[in-house]
Amino acid sequence: MDTQERTDTDTTTKAYPASLVGEHCVVRTHSAGVHLGEVIAQDGKQVTLKDARRLWRWFGAFTLNEVALTGISNKGSNKSRIAEPVPIIVLTEATELIPTSIAARATFDACHE
């Protein structure tokens, strides 16, 4: 995967992917909700996901950033809801793509609705 360098305000240099194609991401859209899946194509605001699941409701995280980093909770009466996967989905108004951690993906896989 191609990477580029960026300099943060604390003057440390970090690498980040030049493209999120091939990455598992949380994708927030303008009007189609929030989706989880592997980015297989991106052209501007149009994003195509493979094995995509719609995130209907979540607990255990305050923001989508936290959902992507630490995952969701599915315990007790606070049950998160993620739809069954579809093989492919094209989202035409993606406004935010956040790469997910391995730990977060494990919580998504454990949530069956």
# chains A, B, ... in the order shown; residues from 1 in each chain; ligands from 1
$ select_by_dssp --residues "chain A" --states "helix (DSSP H, G or I)" --output "ChimeraX atom specification"
/A:64-70,102-109
$ residues_around --residues "Arg53 in chain A" --least-positions-apart "4" --cutoff "6 Å" --atoms "only C-alpha atoms" --output "list in words"
His35, Leu36, Ala83, Glu84 and Pro85 of chain A
$ write_last_selection --atoms "C-alpha atoms" --output "compact mmCIF listing (two decimals), in the first residue's frame"
# COMPACT_ATOMS: atom_id res chain seq x y z
CA HIS A 35 -21.70 1.22 7.10
CA LEU A 36 -18.81 -1.10 7.94
CA ALA A 83 -27.33 -5.71 9.81
CA GLU A 84 -26.29 -8.89 8.05
CA PRO A 85 -23.59 -8.33 5.41
$ select_by_dssp --residues "chain A" --states "strand (DSSP E)" --output "NGL selection string"
:A and (3-7 or 13-17 or 24-29 or 34-43 or 46-57 or 74-75 or 78-79 or 81-82 or 86-91 or 94-99)
$ closest_residue --among "A:Gly37, A:Pro87, A:Gly71, A:Pro99" --to "Phe59 in chain A" --atoms "only C-alpha atoms"
A:Gly71
$ residues_around --residues "Gln42 in chain A" --least-positions-apart "2" --cutoff "10 Å" --atoms "only C-alpha atoms" --output "ChimeraX atom specification"
/A:19-21,39-40,44-49,90-92,94
$ residues_around --residues "Ser101 in chain A" --least-positions-apart "3" --cutoff "12 Å" --atoms "only C-alpha atoms" --output "PDB file with N, CA and C atoms, in the first residue's frame"
ATOM      1  N   GLU A  23      -8.697  -1.211   2.901  1.00  0.00           N
ATOM      2  CA  GLU A  23      -8.833  -1.069   4.350  1.00  0.00           C
ATOM      3  C   GLU A  23     -10.278  -1.313   4.781  1.00  0.00           C
ATOM      4  N   HIS A  24     -10.446  -1.918   5.952  1.00  0.00           N
ATOM      5  CA  HIS A  24     -11.780  -2.047   6.555  1.00  0.00           C
ATOM      6  C   HIS A  24     -12.074  -0.725   7.240  1.00  0.00           C
ATOM      7  N   CYS A  25     -13.244  -0.133   6.951  1.00  0.00           N
ATOM      8  CA  CYS A  25     -13.556   1.210   7.460  1.00  0.00           C
ATOM      9  C   CYS A  25     -14.984   1.315   7.970  1.00  0.00           C
ATOM     10  N   VAL A  26     -15.185   2.289   8.847  1.00  0.00           N
ATOM     11  CA  VAL A  26     -16.505   2.805   9.166  1.00  0.00           C
ATOM     12  C   VAL A  26     -16.734   3.916   8.149  1.00  0.00           C
ATOM     13  N   LEU A  36     -20.106  -0.509   7.617  1.00  0.00           N
ATOM     14  CA  LEU A  36     -18.808  -1.103   7.938  1.00  0.00           C
ATOM     15  C   LEU A  36     -18.448  -2.035   6.795  1.00  0.00           C
ATOM     16  N   ASN A  65     -15.527   7.696  15.708  1.00  0.00           N
ATOM     17  CA  ASN A  65     -14.078   7.505  15.883  1.00  0.00           C
ATOM     18  C   ASN A  65     -13.826   6.394  16.896  1.00  0.00           C
ATOM     19  N   GLU A  66     -14.559   6.425  18.010  1.00  0.00           N
ATOM     20  CA  GLU A  66     -14.411   5.382  19.028  1.00  0.00           C
ATOM     21  C   GLU A  66     -14.915   4.037  18.527  1.00  0.00           C
ATOM     22  N   VAL A  67     -15.989   4.038  17.750  1.00  0.00           N
ATOM     23  CA  VAL A  67     -16.474   2.790  17.149  1.00  0.00           C
ATOM     24  C   VAL A  67     -15.351   2.167  16.330  1.00  0.00           C
ATOM     25  N   ALA A  68     -14.667   2.967  15.526  1.00  0.00           N
ATOM     26  CA  ALA A  68     -13.594   2.461  14.666  1.00  0.00           C
ATOM     27  C   ALA A  68     -12.376   2.002  15.461  1.00  0.00           C
ATOM     28  N   LEU A  69     -12.089   2.664  16.569  1.00  0.00           N
ATOM     29  CA  LEU A  69     -10.895   2.338  17.355  1.00  0.00           C
ATOM     30  C   LEU A  69     -11.108   1.212  18.361  1.00  0.00           C
ATOM     31  N   THR A  70     -12.215   1.287  19.112  1.00  0.00           N
ATOM     32  CA  THR A  70     -12.409   0.325  20.202  1.00  0.00           C
ATOM     33  C   THR A  70     -13.578  -0.617  19.997  1.00  0.00           C
ATOM     34  N   GLY A  71     -14.465  -0.298  19.065  1.00  0.00           N
ATOM     35  CA  GLY A  71     -15.587  -1.187  18.780  1.00  0.00           C
ATOM     36  C   GLY A  71     -16.838  -0.819  19.553  1.00  0.00           C
ATOM     37  N   ILE A  72     -17.746  -1.782  19.631  1.00  0.00           N
ATOM     38  CA  ILE A  72     -19.063  -1.570  20.230  1.00  0.00           C
ATOM     39  C   ILE A  72     -19.320  -2.596  21.315  1.00  0.00           C
ATOM     40  N   ILE A  98     -13.333   6.036   8.215  1.00  0.00           N
ATOM     41  CA  ILE A  98     -12.439   5.874   9.359  1.00  0.00           C
ATOM     42  C   ILE A  98     -11.943   4.426   9.376  1.00  0.00           C
ATOM     43  N   ALA A 104     -11.666  -3.558  17.159  1.00  0.00           N
ATOM     44  CA  ALA A 104     -13.014  -3.091  16.831  1.00  0.00           C
ATOM     45  C   ALA A 104     -13.722  -4.089  15.919  1.00  0.00           C
ATOM     46  N   ARG A 105     -13.014  -4.610  14.924  1.00  0.00           N
ATOM     47  CA  ARG A 105     -13.630  -5.577  13.995  1.00  0.00           C
ATOM     48  C   ARG A 105     -14.091  -6.822  14.733  1.00  0.00           C
ATOM     49  N   ALA A 106     -13.382  -7.227  15.760  1.00  0.00           N
ATOM     50  CA  ALA A 106     -13.801  -8.398  16.533  1.00  0.00           C
ATOM     51  C   ALA A 106     -15.152  -8.147  17.208  1.00  0.00           C
ATOM     52  N   THR A 107     -15.393  -6.912  17.659  1.00  0.00           N
ATOM     53  CA  THR A 107     -16.689  -6.606  18.287  1.00  0.00           C
ATOM     54  C   THR A 107     -17.792  -6.563  17.247  1.00  0.00           C
ATOM     55  N   PHE A 108     -17.486  -6.132  16.024  1.00  0.00           N
ATOM     56  CA  PHE A 108     -18.502  -6.129  14.961  1.00  0.00           C
ATOM     57  C   PHE A 108     -18.882  -7.569  14.615  1.00  0.00           C
TER      58      PHE A 108
END
$ closest_residue --among "A:Arg28, A:Lys50, A:His112, A:Lys79" --to "Thr63 in chain A" --atoms "only C-alpha atoms"
A:Arg28
$ atom_distance --atom1 "CA of Arg81 in chain A" --atom2 "CA of Asp43 in chain A"
28.7 Å
